[in-house]
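Data block for query24.cif (mmCIF, C-alpha atoms (C1' of nucleotides)):
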```cif
data_start
#
loop_
_atom_site.label_atom_id
_atom_site.label_comp_id
_atom_site.auth_asym_id
_atom_site.auth_seq_id
_atom_site.Cartn_x
_atom_site.Cartn_y
_atom_site.Cartn_z
CA MET A 1 -0.84 34.88 6.11
CA SER A 2 -2.71 32.25 8.04
CA GLY A 3 -4.52 29.46 6.24
CA TYR A 4 -7.77 27.62 6.36
CA TYR A 5 -6.74 25.25 9.11
CA ASP A 6 -5.66 26.27 12.57
CA VAL A 7 -3.76 24.26 15.13
CA ARG A 8 -6.25 25.10 17.83
CA GLY A 9 -9.30 22.95 17.56
CA PHE A 10 -7.92 20.98 14.66
CA ASP A 11 -10.13 17.98 13.97
CA PRO A 12 -8.48 15.20 11.95
CA HIS A 13 -11.87 14.32 10.48
CA GLU A 14 -11.97 17.71 8.82
CA GLY A 15 -8.41 17.43 7.56
CA LEU A 16 -7.57 17.07 3.91
CA GLY A 17 -5.57 13.94 4.56
CA TYR A 18 -8.38 12.08 6.21
CA LEU A 19 -10.96 13.10 3.63
CA VAL A 20 -8.86 12.57 0.54
CA GLY A 21 -7.58 9.29 1.90
CA HIS A 22 -11.06 8.00 2.48
CA VAL A 23 -12.43 9.14 -0.84
CA ARG A 24 -9.54 7.49 -2.60
CA SER A 25 -9.93 4.24 -0.73
CA ARG A 26 -13.67 4.11 -1.42
CA LEU A 27 -13.10 4.96 -5.07
CA LEU A 28 -10.53 2.20 -5.42
CA GLN A 29 -12.79 -0.24 -3.69
CA ALA A 30 -15.73 0.57 -5.93
CA LEU A 31 -13.57 0.52 -9.02
CA GLU A 32 -12.11 -2.87 -8.25
CA ALA A 33 -15.56 -4.24 -7.52
CA GLU A 34 -16.63 -3.02 -10.93
CA LEU A 35 -13.54 -4.49 -12.56
CA ALA A 36 -13.84 -7.78 -10.70
CA PRO A 37 -14.91 -9.74 -13.80
CA LEU A 38 -11.65 -8.71 -15.46
CA GLU A 39 -9.58 -9.39 -12.37
CA LEU A 40 -7.79 -6.10 -12.72
CA SER A 41 -6.65 -3.84 -9.92
CA GLY A 42 -6.97 -0.08 -10.10
CA PRO A 43 -3.33 0.61 -10.98
CA GLN A 44 -3.39 -2.13 -13.58
CA ALA A 45 -6.45 -0.63 -15.21
CA ILE A 46 -4.82 2.79 -15.25
CA VAL A 47 -1.72 1.43 -16.95
CA ILE A 48 -3.78 -0.27 -19.63
CA LEU A 49 -5.86 2.85 -20.15
CA LYS A 50 -2.75 4.96 -20.48
CA ILE A 51 -1.26 2.63 -23.04
CA ALA A 52 -4.56 2.73 -24.87
CA ILE A 53 -4.59 6.48 -25.26
CA GLY A 54 -1.05 6.22 -26.50
CA GLU A 55 0.64 8.27 -23.85
CA GLY A 56 4.21 7.34 -23.17
CA ALA A 57 4.33 3.69 -23.89
CA HIS A 58 7.51 3.54 -21.83
CA ALA A 59 7.42 2.08 -18.35
CA ALA A 60 9.68 4.80 -16.99
CA GLU A 61 7.24 7.47 -18.03
CA PHE A 62 4.41 5.67 -16.27
CA CYS A 63 6.50 5.51 -13.14
CA ARG A 64 7.07 9.24 -13.19
CA ASP A 65 3.50 10.07 -14.02
CA LEU A 66 1.91 7.68 -11.55
CA GLN A 67 4.61 8.09 -8.91
CA TYR A 68 5.12 4.39 -9.05
CA ASP A 69 8.24 2.50 -8.12
CA PRO A 70 10.16 1.10 -11.12
CA GLY A 71 10.63 -2.24 -9.44
CA ALA A 72 6.95 -2.51 -8.66
CA MET A 73 6.18 -1.49 -12.23
CA THR A 74 8.38 -4.25 -13.63
CA ARG A 75 6.53 -6.81 -11.57
CA MET A 76 3.12 -5.41 -12.41
CA LEU A 77 3.98 -5.57 -16.11
CA ASP A 78 5.17 -9.13 -15.55
CA ARG A 79 1.77 -10.05 -14.19
CA LEU A 80 -0.12 -8.25 -16.92
CA GLU A 81 2.05 -9.78 -19.62
CA LYS A 82 1.73 -13.25 -18.17
CA ARG A 83 -2.03 -12.87 -18.24
CA GLY A 84 -1.96 -11.70 -21.81
CA TYR A 85 -2.97 -8.09 -21.26
CA LEU A 86 0.08 -6.55 -22.93
CA ARG A 87 3.28 -7.19 -24.85
CA ARG A 88 6.80 -5.95 -24.20
CA VAL A 89 8.69 -4.93 -27.32
CA ARG A 90 12.21 -3.60 -27.12
CA SER A 91 12.38 -0.19 -28.72
CA PRO A 92 14.76 -0.12 -31.70
CA ARG A 93 15.50 3.58 -31.16
CA ASP A 94 16.43 3.35 -27.50
CA ARG A 95 17.49 -0.18 -26.74
CA ARG A 96 17.13 0.42 -23.03
CA ALA A 97 13.48 1.27 -23.30
CA ILE A 98 10.61 -1.11 -23.72
CA HIS A 99 7.60 -0.36 -25.82
CA LEU A 100 4.32 -1.49 -24.30
CA GLU A 101 1.55 -2.68 -26.56
CA LEU A 102 -1.96 -3.83 -25.88
CA THR A 103 -3.12 -7.24 -26.98
CA ASP A 104 -6.43 -8.22 -28.49
CA LYS A 105 -7.51 -9.32 -25.05
CA SER A 106 -6.88 -5.97 -23.43
CA ARG A 107 -8.32 -4.07 -26.38
CA ALA A 108 -11.45 -6.13 -26.00
CA ALA A 109 -11.61 -5.30 -22.31
CA LEU A 110 -11.09 -1.60 -22.88
CA PRO A 111 -14.72 -0.52 -23.30
CA ARG A 112 -15.69 -2.34 -20.16
CA MET A 113 -12.91 -0.67 -18.23
CA LYS A 114 -13.92 2.77 -19.39
CA THR A 115 -17.52 2.05 -18.56
CA ALA A 116 -16.52 0.88 -15.09
CA ALA A 117 -14.55 4.04 -14.40
CA VAL A 118 -17.23 6.35 -15.72
CA THR A 119 -19.94 4.52 -13.81
CA VAL A 120 -18.10 4.66 -10.51
CA PHE A 121 -17.05 8.28 -10.88
CA ASN A 122 -20.54 9.38 -11.76
CA ARG A 123 -21.94 7.43 -8.85
CA PHE A 124 -19.67 9.28 -6.47
CA LEU A 125 -20.69 12.53 -8.11
CA ARG A 126 -24.42 12.00 -7.79
CA GLY A 127 -26.10 15.05 -6.43
CA PHE A 128 -23.40 17.23 -7.98
CA SER A 129 -24.45 19.68 -10.64
CA GLN A 130 -22.29 19.92 -13.72
CA ALA A 131 -20.87 23.17 -12.41
CA GLU A 132 -20.09 21.67 -9.02
CA ALA A 133 -18.37 18.66 -10.54
CA LYS A 134 -16.32 20.91 -12.75
CA GLN A 135 -15.41 23.04 -9.76
CA LEU A 136 -14.36 19.98 -7.76
CA ILE A 137 -12.09 18.77 -10.56
CA GLY A 138 -10.59 22.24 -10.72
CA TYR A 139 -9.98 22.29 -6.98
CA LEU A 140 -8.24 18.91 -7.12
CA LYS A 141 -5.98 20.12 -9.89
CA ARG A 142 -5.11 23.17 -7.87
CA LEU A 143 -4.25 20.97 -4.90
CA MET A 144 -1.95 18.95 -7.11
CA ALA A 145 -0.30 22.08 -8.42
CA ASN A 146 0.31 23.20 -4.85
CA ALA A 147 2.11 19.98 -4.03
CA ASN A 148 5.57 21.18 -4.95
CA PRO A 149 6.57 23.75 -2.37
CA MET B 1 -29.85 10.59 -15.95
CA SER B 2 -26.35 10.81 -17.34
CA GLY B 3 -23.48 12.03 -15.19
CA TYR B 4 -20.53 14.31 -15.41
CA TYR B 5 -18.27 11.81 -17.12
CA ASP B 6 -18.92 10.21 -20.46
CA VAL B 7 -17.36 7.10 -21.92
CA ARG B 8 -16.62 8.87 -25.19
CA GLY B 9 -13.52 10.98 -24.90
CA PHE B 10 -12.88 9.91 -21.34
CA ASP B 11 -9.44 11.11 -20.26
CA PRO B 12 -7.98 9.28 -17.24
CA HIS B 13 -6.14 12.45 -16.26
CA GLU B 14 -9.49 14.14 -15.70
CA GLY B 15 -10.86 11.19 -13.76
CA LEU B 16 -11.59 11.36 -10.06
CA GLY B 17 -9.41 8.34 -9.40
CA TYR B 18 -6.32 9.79 -10.95
CA LEU B 19 -6.75 13.20 -9.33
CA VAL B 20 -7.68 11.99 -5.88
CA GLY B 21 -4.96 9.38 -5.97
CA HIS B 22 -2.33 11.93 -6.82
CA VAL B 23 -3.46 14.47 -4.29
CA ARG B 24 -3.45 11.83 -1.61
CA SER B 25 -0.01 10.57 -2.52
CA ARG B 26 1.43 14.10 -2.56
CA LEU B 27 -0.26 14.90 0.74
CA LEU B 28 1.17 11.79 2.35
CA GLN B 29 4.58 12.52 0.98
CA ALA B 30 4.56 16.09 2.27
CA LEU B 31 3.17 15.00 5.62
CA GLU B 32 5.79 12.36 6.14
CA ALA B 33 8.52 14.79 5.18
CA GLU B 34 7.18 17.14 7.82
CA LEU B 35 6.99 14.33 10.36
CA ALA B 36 10.43 12.96 9.50
CA PRO B 37 12.01 14.17 12.76
CA LEU B 38 9.49 12.08 14.67
CA GLU B 39 9.88 9.08 12.37
CA LEU B 40 6.14 8.67 12.12
CA SER B 41 4.20 7.59 9.07
CA GLY B 42 0.90 9.19 8.09
CA PRO B 43 -1.32 6.42 9.44
CA GLN B 44 0.65 6.29 12.66
CA ALA B 45 0.22 10.01 13.16
CA ILE B 46 -3.50 9.72 12.54
CA VAL B 47 -3.85 6.98 15.14
CA ILE B 48 -2.01 9.02 17.74
CA LEU B 49 -4.08 12.10 16.92
CA LYS B 50 -7.27 10.11 17.25
CA ILE B 51 -6.27 8.73 20.60
CA ALA B 52 -5.38 12.26 21.65
CA ILE B 53 -8.82 13.66 20.95
CA GLY B 54 -10.23 10.75 22.89
CA GLU B 55 -12.24 9.16 20.15
CA GLY B 56 -12.69 5.46 20.48
CA ALA B 57 -9.58 4.32 22.20
CA HIS B 58 -10.33 0.83 20.93
CA ALA B 59 -8.33 -0.57 18.06
CA ALA B 60 -11.40 -2.07 16.43
CA GLU B 61 -13.02 1.32 16.19
CA PHE B 62 -9.95 2.74 14.50
CA CYS B 63 -10.04 -0.09 12.00
CA ARG B 64 -13.63 0.68 11.10
CA ASP B 65 -13.10 4.40 10.95
CA LEU B 66 -9.84 4.28 9.01
CA GLN B 67 -10.79 1.25 6.94
CA TYR B 68 -7.71 -0.41 8.24
CA ASP B 69 -7.08 -4.11 8.49
CA PRO B 70 -7.21 -5.43 12.09
CA GLY B 71 -4.08 -7.48 11.56
CA ALA B 72 -2.21 -4.51 10.19
CA MET B 73 -3.50 -2.44 13.09
CA THR B 74 -2.18 -4.93 15.62
CA ARG B 75 1.25 -4.75 14.06
CA MET B 76 1.22 -0.98 13.79
CA LEU B 77 0.32 -0.72 17.46
CA ASP B 78 3.13 -3.17 18.19
CA ARG B 79 5.58 -0.84 16.52
CA LEU B 80 4.21 2.26 18.19
CA GLU B 81 4.19 0.60 21.58
CA LYS B 82 7.71 -0.71 21.17
CA ARG B 83 8.86 2.81 20.38
CA GLY B 84 7.09 4.18 23.41
CA TYR B 85 4.36 6.12 21.65
CA LEU B 86 1.45 4.39 23.38
CA ARG B 87 0.37 1.87 25.99
CA ARG B 88 -2.02 -1.03 25.70
CA VAL B 89 -4.30 -1.48 28.68
CA ARG B 90 -6.88 -4.23 28.79
CA SER B 91 -10.29 -2.75 29.34
CA PRO B 92 -11.87 -3.99 32.59
CA ARG B 93 -15.39 -3.54 31.19
CA ASP B 94 -14.89 -5.54 28.02
CA ARG B 95 -12.02 -7.91 28.55
CA ARG B 96 -11.68 -8.50 24.82
CA ALA B 97 -11.01 -4.86 24.07
CA ILE B 98 -7.80 -2.98 24.59
CA HIS B 99 -7.67 0.58 25.75
CA LEU B 100 -5.05 2.71 24.03
CA GLU B 101 -3.32 5.46 25.95
CA LEU B 102 -0.74 8.01 24.97
CA THR B 103 2.57 8.21 26.74
CA ASP B 104 4.48 11.31 27.80
CA LYS B 105 6.56 10.91 24.67
CA SER B 106 3.62 10.98 22.31
CA ARG B 107 1.91 13.77 24.25
CA ALA B 108 5.08 15.79 23.87
CA ALA B 109 5.11 15.13 20.14
CA LEU B 110 1.48 16.07 19.72
CA PRO B 111 1.85 19.82 19.10
CA ARG B 112 4.47 19.17 16.48
CA MET B 113 2.23 16.66 14.74
CA LYS B 114 -0.69 19.04 14.65
CA THR B 115 1.53 21.80 13.36
CA ALA B 116 2.84 19.52 10.65
CA ALA B 117 -0.64 18.58 9.49
CA VAL B 118 -1.95 22.13 9.54
CA THR B 119 1.13 23.42 7.74
CA VAL B 120 0.91 20.86 4.97
CA PHE B 121 -2.83 21.21 4.48
CA ASN B 122 -2.63 24.97 4.33
CA ARG B 123 0.22 24.76 1.87
CA PHE B 124 -1.88 22.63 -0.44
CA LEU B 125 -4.73 25.09 -0.03
CA ARG B 126 -2.75 28.18 -0.88
CA GLY B 127 -4.58 30.31 -3.37
CA PHE B 128 -7.89 29.02 -2.01
CA SER B 129 -10.20 31.54 -0.41
CA GLN B 130 -11.85 30.55 2.85
CA ALA B 131 -15.08 29.97 0.97
CA GLU B 132 -13.38 27.80 -1.64
CA ALA B 133 -11.62 25.71 0.98
CA LYS B 134 -14.87 25.21 2.82
CA GLN B 135 -16.57 24.24 -0.42
CA LEU B 136 -13.84 21.73 -1.24
CA ILE B 137 -14.17 20.07 2.17
CA GLY B 138 -17.91 19.91 1.62
CA TYR B 139 -17.47 18.31 -1.78
CA LEU B 140 -15.12 15.70 -0.36
CA LYS B 141 -17.62 14.83 2.34
CA ARG B 142 -20.33 14.46 -0.26
CA LEU B 143 -18.11 12.14 -2.28
CA MET B 144 -17.60 10.02 0.83
CA ALA B 145 -21.31 9.94 1.48
CA ASN B 146 -21.88 8.74 -2.07
CA ALA B 147 -19.52 5.82 -1.58
CA ASN B 148 -22.13 3.37 -0.39
CA PRO B 149 -24.36 2.59 -3.34
"C1'" DT C 1 -29.36 -21.50 31.45
"C1'" DG C 2 -27.15 -23.03 27.42
"C1'" DA C 3 -26.28 -23.20 22.52
"C1'" DC C 4 -25.03 -20.09 19.04
"C1'" DA C 5 -23.75 -15.88 16.88
"C1'" DA C 6 -20.97 -11.60 17.07
"C1'" DT C 7 -16.98 -8.94 18.39
"C1'" DG C 8 -11.96 -7.76 19.67
"C1'" DA C 9 -7.47 -8.88 19.07
"C1'" DT C 10 -3.85 -11.72 17.38
"C1'" DT C 11 -1.13 -14.70 14.15
"C1'" DG C 12 0.44 -16.87 9.79
"C1'" DC C 13 0.50 -16.64 4.96
"C1'" DC C 14 0.41 -14.14 0.71
"C1'" DT C 15 0.88 -10.17 -2.11
"C1'" DA C 16 2.81 -5.91 -3.44
"C1'" DG C 17 5.15 -1.50 -3.03
"C1'" DG C 18 9.72 1.16 -1.53
"C1'" DC C 19 14.62 1.21 -1.65
"C1'" DA C 20 19.21 0.02 -3.05
"C1'" DA C 21 22.24 -2.17 -6.16
"C1'" DC C 22 23.20 -3.51 -10.80
"C1'" DA C 23 23.85 -4.22 -16.03
"C1'" DA C 24 22.94 -2.33 -20.46
"C1'" DT C 25 22.43 1.54 -23.14
"C1'" DA C 26 22.33 6.44 -24.19
"C1'" DA C 27 23.72 11.24 -23.59
"C1'" DT C 28 27.15 14.59 -22.24
"C1'" DG C 29 31.44 16.93 -21.85
"C1'" DC C 30 36.50 17.01 -22.08
"C1'" DG D 1 37.18 9.38 -29.17
"C1'" DC D 2 36.77 8.44 -24.50
"C1'" DA D 3 35.60 8.86 -19.80
"C1'" DT D 4 31.84 10.29 -17.08
"C1'" DT D 5 27.15 10.73 -16.04
"C1'" DA D 6 22.25 9.76 -16.65
"C1'" DT D 7 18.53 6.77 -17.82
"C1'" DT D 8 15.94 2.25 -18.38
"C1'" DG D 9 14.68 -1.80 -16.75
"C1'" DT D 10 15.53 -5.65 -13.58
"C1'" DT D 11 16.38 -8.13 -9.19
"C1'" DG D 12 16.91 -8.94 -4.10
"C1'" DC D 13 15.73 -7.51 0.35
"C1'" DC D 14 12.68 -5.35 3.57
"C1'" DT D 15 8.39 -3.60 5.11
"C1'" DA D 16 3.54 -3.49 5.51
"C1'" DG D 17 -1.25 -4.19 4.31
"C1'" DG D 18 -5.20 -7.80 3.02
"C1'" DC D 19 -7.25 -12.15 4.09
"C1'" DA D 20 -8.36 -16.27 6.60
"C1'" DA D 21 -8.20 -18.85 10.72
"C1'" DT D 22 -8.18 -18.78 15.72
"C1'" DC D 23 -8.98 -17.79 20.70
"C1'" DA D 24 -11.16 -15.28 24.30
"C1'" DT D 25 -14.98 -12.75 25.57
"C1'" DT D 26 -19.53 -10.81 25.10
"C1'" DG D 27 -24.25 -10.63 23.40
"C1'" DT D 28 -28.53 -12.93 21.85
"C1'" DC D 29 -32.32 -15.70 22.09
"C1'" DA D 30 -35.01 -19.86 22.56
#
```

Show me, as structure tokens, the structure contained in the file I just sent.
Amino acid sequence: MSGYYDVRGFDPHEGLGYLVGHVRSRLLQALEAELAPLELSGPQAIVILKIAIGEGAHAAEFCRDLQYDPGAMTRMLDRLEKRGYLRRVRSPRDRRAIHLELTDKSRAALPRMKTAAVTVFNRFLRGFSQAEAKQLIGYLKRLMANANP
Amino acid sequence: MSGYYDVRGFDPHEGLGYLVGHVRSRLLQALEAELAPLELSGPQAIVILKIAIGEGAHAAEFCRDLQYDPGAMTRMLDRLEKRGYLRRVRSPRDRRAIHLELTDKSRAALPRMKTAAVTVFNRFLRGFSQAEAKQLIGYLKRLMANANP
DNA sequence: TGACAATGATTGCCTAGGCAACAATAATGC
DNA sequence: GCATTATTGTTGCCTAGGCAATCATTGTCA
């Protein structure tokens, strides 16, 4: 069972790594440009968005989901908290865990963040039909599912 | 002209950023696991592969192509050179530029590196037909082309 | 030709993630 | 109940990329 790629005549520019890496870097760049007025980085925006939709308000869950280092997460939350974008509240049920809550400031910024993400994503998808975009998303999910050997 | 995404009901998990970011991180992880015996990181492997296929043996060109910081590139080349994976040779034509050459050690490692990349990419593409894989690559290239507004 | 801009590479400084160690708390098993 | 193990969050240390400044060299253009 051979695959799509072959060792002979393998061109790095055609490789998944190169392509995905570039797309991601351009996406991040565009996203941060769009978020510049808020002075938020991509990961920071994602954390705030995830808190907003109420998924796992625990830092540990973010780390698992985003494959983010716990230490780095602590420091990122420090920065966000210091700038008034969120609050840490010790959970009464599990006194190890910390409940993350948005502040008025971050709630106010939320629409703008969503708009930024949607704008950038749609820009990258220009020329794609609805069906093609849907197919692309599906492909990416299948790649993710294939990650664990 | 609205796009694929809409602000209302926008789910970060469906967003390009989240998906591409994850795929890239998993790819890198798998690639580095495969390259562990050589102790090479993903970017390092890419640089060596690019030198191997003879594309732009100048560091500056790599920086442009890989969107890599020149300072970081200098230091990465330092590490690779110190470990005997490449040689710096001042170009006689343009005395600012530095010509990068592989050593016997890196040439010997080359087949293994290509195999690692091909193996990982094909693993992520399992379940994809040839046509689907080709389509995915095409989509990724289109995303890249859409990067510049 | 000569001033000025552009390019290639390097360095120092800053920021931020990865890893390991740790304390506090919770869950598990005897 | 109690010892053991796992989990959560934090901190220190190390590594590495981003940015700005710099030097040498090349290109441009009046």

- Task: Please indicate the distance in Å from CA of Asp94 in chain B to CA of Glu55 in chain B, rounded to one decimal place.
- Result: 16.9 Å

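The space between CA of His99 in chain A and CA of Cys63 in chain A spans 14.0 Å.
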
- Message: Here is a test: counting all atoms listed in the file, which residue of D:DG17, D:DG1, D:DG12, D:DG27 is nearest to chain B?
- Response: D:DG17

Report as JSON lines: every residue of chain C with an atom at most 8 Å from chain B, its closest pair of atoms, and their distance in Å to one decimal, counting only C-alpha atoms (C1' of nucleotides), with rows sorted by chain and ascending residue number.
```
{"residue": "C:DG8", "atom": "C1'", "partner": "B:Arg96", "partner_atom": "CA", "distance": 5.2}
{"residue": "C:DA9", "atom": "C1'", "partner": "B:Arg96", "partner_atom": "CA", "distance": 7.1}
{"residue": "C:DT10", "atom": "C1'", "partner": "B:Gly71", "partner_atom": "CA", "distance": 7.2}
```

- Query: Pick from A:Tyr68, A:Ser41, A:Gly138, A:Gln130: nearest to chain B, with only C-alpha atoms counted?
  - Reply: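 Ranking A:Tyr68, A:Ser41, A:Gly138, A:Gln130 by distance to chain B, first place goes to A:Gln130.
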
- Message: The residues within 10 Å of (3.7, -11.9, 3.3), using only C-alpha atoms (C1' of nucleotides) and the coordinates of the file, should be reported as a list in words; which are they?
- Response: DG12, DC13, DC14, DT15 and DA16 of chain C; DT15, DA16, DG17 and DG18 of chain D

- Query: Counting all atoms listed in the file, which residues from chain A have an atom at most 8 Å from any atom of chain B, and could you show them as a PyMOL selection string?
  - Reply: chain A and resi 3-7+10+12+14-17+19-24+26-28+30+46+49-50+66+114-115+118+121-126+130+133+136-137+139-141+143-144+146-147+149

Contacts of range 28-30 of chain D at 12 Å (all atoms listed in the file; same-chain gap of 5+ positions) as a PDB file with C-alpha atoms (C1' of nucleotides), in the frame of the given file:
```pdb
ATOM      1  C1'  DT C   1     -29.360 -21.500  31.450  1.00  0.00           C
ATOM      2  C1'  DG C   2     -27.150 -23.030  27.420  1.00  0.00           C
ATOM      3  C1'  DA C   3     -26.280 -23.200  22.520  1.00  0.00           C
ATOM      4  C1'  DC C   4     -25.030 -20.090  19.040  1.00  0.00           C
ATOM      5  C1'  DA C   5     -23.750 -15.880  16.880  1.00  0.00           C
ATOM      6  C1'  DA C   6     -20.970 -11.600  17.070  1.00  0.00           C
TER       7       DA C   6
END
```

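Separating CA of Gly54 in chain A from CA of Glu32 in chain A is a distance of 23.2 Å.
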
What are the centre and the three edge lengths of an axis-aligned box that wraps all atoms of range 4-17 of chain C in the file, given that 8 Å is added to every side, written as lines of an AutoDock Vina configuration file and rounded to one decimal in Å?
```
center_x = -9.9
center_y = -10.8
center_z = 8.1
size_x = 46.2
size_y = 34.6
size_z = 39.1
```

- Message: Ranking D:DA24, D:DC14, D:DG9, D:DA3 by minimum distance to chain B and counting all atoms listed in the file, which one comes first?
- Response: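 Smallest separation from chain B among the options: D:DA24.
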
- Task: Around the point (16.4, -3.6, -5.7), in the coordinates given by the file, pick out the residues reaching within 9 Å, counting all atoms listed in the file, and return them as number ranges by chain.
- Result: A: 71; C: 19-22; D: 10-13

- Message: Please enumerate the residues selected by the PyMOL selection byres ((chain B and resi 81) around 12) when evaluated against the supplied file, formatted as JSON, numbers by chain.
- Response: {"B": [44, 48, 73, 74, 75, 76, 77, 78, 79, 80, 82, 83, 84, 85, 86, 87, 88, 89, 100, 101, 102, 103, 105, 106]}

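Comparing the minimum interatomic distances between chain A and each of D:DA21, D:DT26, D:DC2, D:DT7, counting only C-alpha atoms (C1' of nucleotides), we find that D:DT7 sits nearest.
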
- Translate the PyMOL selection byres ((chain C and resi 27) around 12), as applied to the file shown, into an explicit residue set as an MDAnalysis selection string. (chainID A and resid 94) or (chainID C and resid 25:26 28:29) or (chainID D and resid 4:7)

As a CSV table (one decimal), keeping the file's coordinate frame, the rebuilt range 70-87 of chain A with N, CA and C atoms:
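Heads up, here's the output in result.csv:
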```csv
chain,number,residue,atom,x,y,z
A,70,PRO,N,9.8,1.9,-9.9
A,70,PRO,CA,10.2,1.1,-11.1
A,70,PRO,C,10.2,-0.4,-10.9
A,71,GLY,N,10.6,-0.8,-9.7
A,71,GLY,CA,10.6,-2.2,-9.4
A,71,GLY,C,9.2,-2.8,-9.4
A,72,ALA,N,8.3,-2.1,-8.7
A,72,ALA,CA,7.0,-2.5,-8.7
A,72,ALA,C,6.3,-2.5,-10.1
A,73,MET,N,6.7,-1.5,-10.9
A,73,MET,CA,6.2,-1.5,-12.2
A,73,MET,C,6.6,-2.7,-13.0
A,74,THR,N,7.9,-3.1,-12.9
A,74,THR,CA,8.4,-4.2,-13.6
A,74,THR,C,7.5,-5.5,-13.3
A,75,ARG,N,7.3,-5.6,-12.0
A,75,ARG,CA,6.5,-6.8,-11.6
A,75,ARG,C,5.1,-6.7,-12.0
A,76,MET,N,4.5,-5.5,-12.0
A,76,MET,CA,3.1,-5.4,-12.4
A,76,MET,C,3.0,-5.7,-13.9
A,77,LEU,N,4.0,-5.3,-14.7
A,77,LEU,CA,4.0,-5.6,-16.1
A,77,LEU,C,4.2,-7.1,-16.3
A,78,ASP,N,5.0,-7.7,-15.5
A,78,ASP,CA,5.2,-9.1,-15.6
A,78,ASP,C,3.8,-9.8,-15.4
A,79,ARG,N,3.1,-9.4,-14.4
A,79,ARG,CA,1.8,-10.0,-14.2
A,79,ARG,C,0.8,-9.8,-15.4
A,80,LEU,N,0.8,-8.6,-15.8
A,80,LEU,CA,-0.1,-8.2,-16.9
A,80,LEU,C,0.3,-9.0,-18.2
A,81,GLU,N,1.6,-9.1,-18.4
A,81,GLU,CA,2.0,-9.8,-19.6
A,81,GLU,C,1.7,-11.3,-19.5
A,82,LYS,N,2.0,-11.8,-18.4
A,82,LYS,CA,1.7,-13.2,-18.2
A,82,LYS,C,0.3,-13.6,-18.4
A,83,ARG,N,-0.6,-12.6,-18.1
A,83,ARG,CA,-2.0,-12.9,-18.2
A,83,ARG,C,-2.5,-12.4,-19.6
A,84,GLY,N,-1.6,-12.0,-20.4
A,84,GLY,CA,-2.0,-11.7,-21.8
A,84,GLY,C,-2.6,-10.3,-22.0
A,85,TYR,N,-2.4,-9.4,-21.1
A,85,TYR,CA,-3.0,-8.1,-21.3
A,85,TYR,C,-2.1,-7.1,-22.0
A,86,LEU,N,-0.8,-7.5,-22.2
A,86,LEU,CA,0.1,-6.6,-22.9
A,86,LEU,C,1.3,-7.3,-23.4
A,87,ARG,N,2.1,-6.6,-24.3
A,87,ARG,CA,3.3,-7.2,-24.8
A,87,ARG,C,4.4,-6.2,-24.6
```
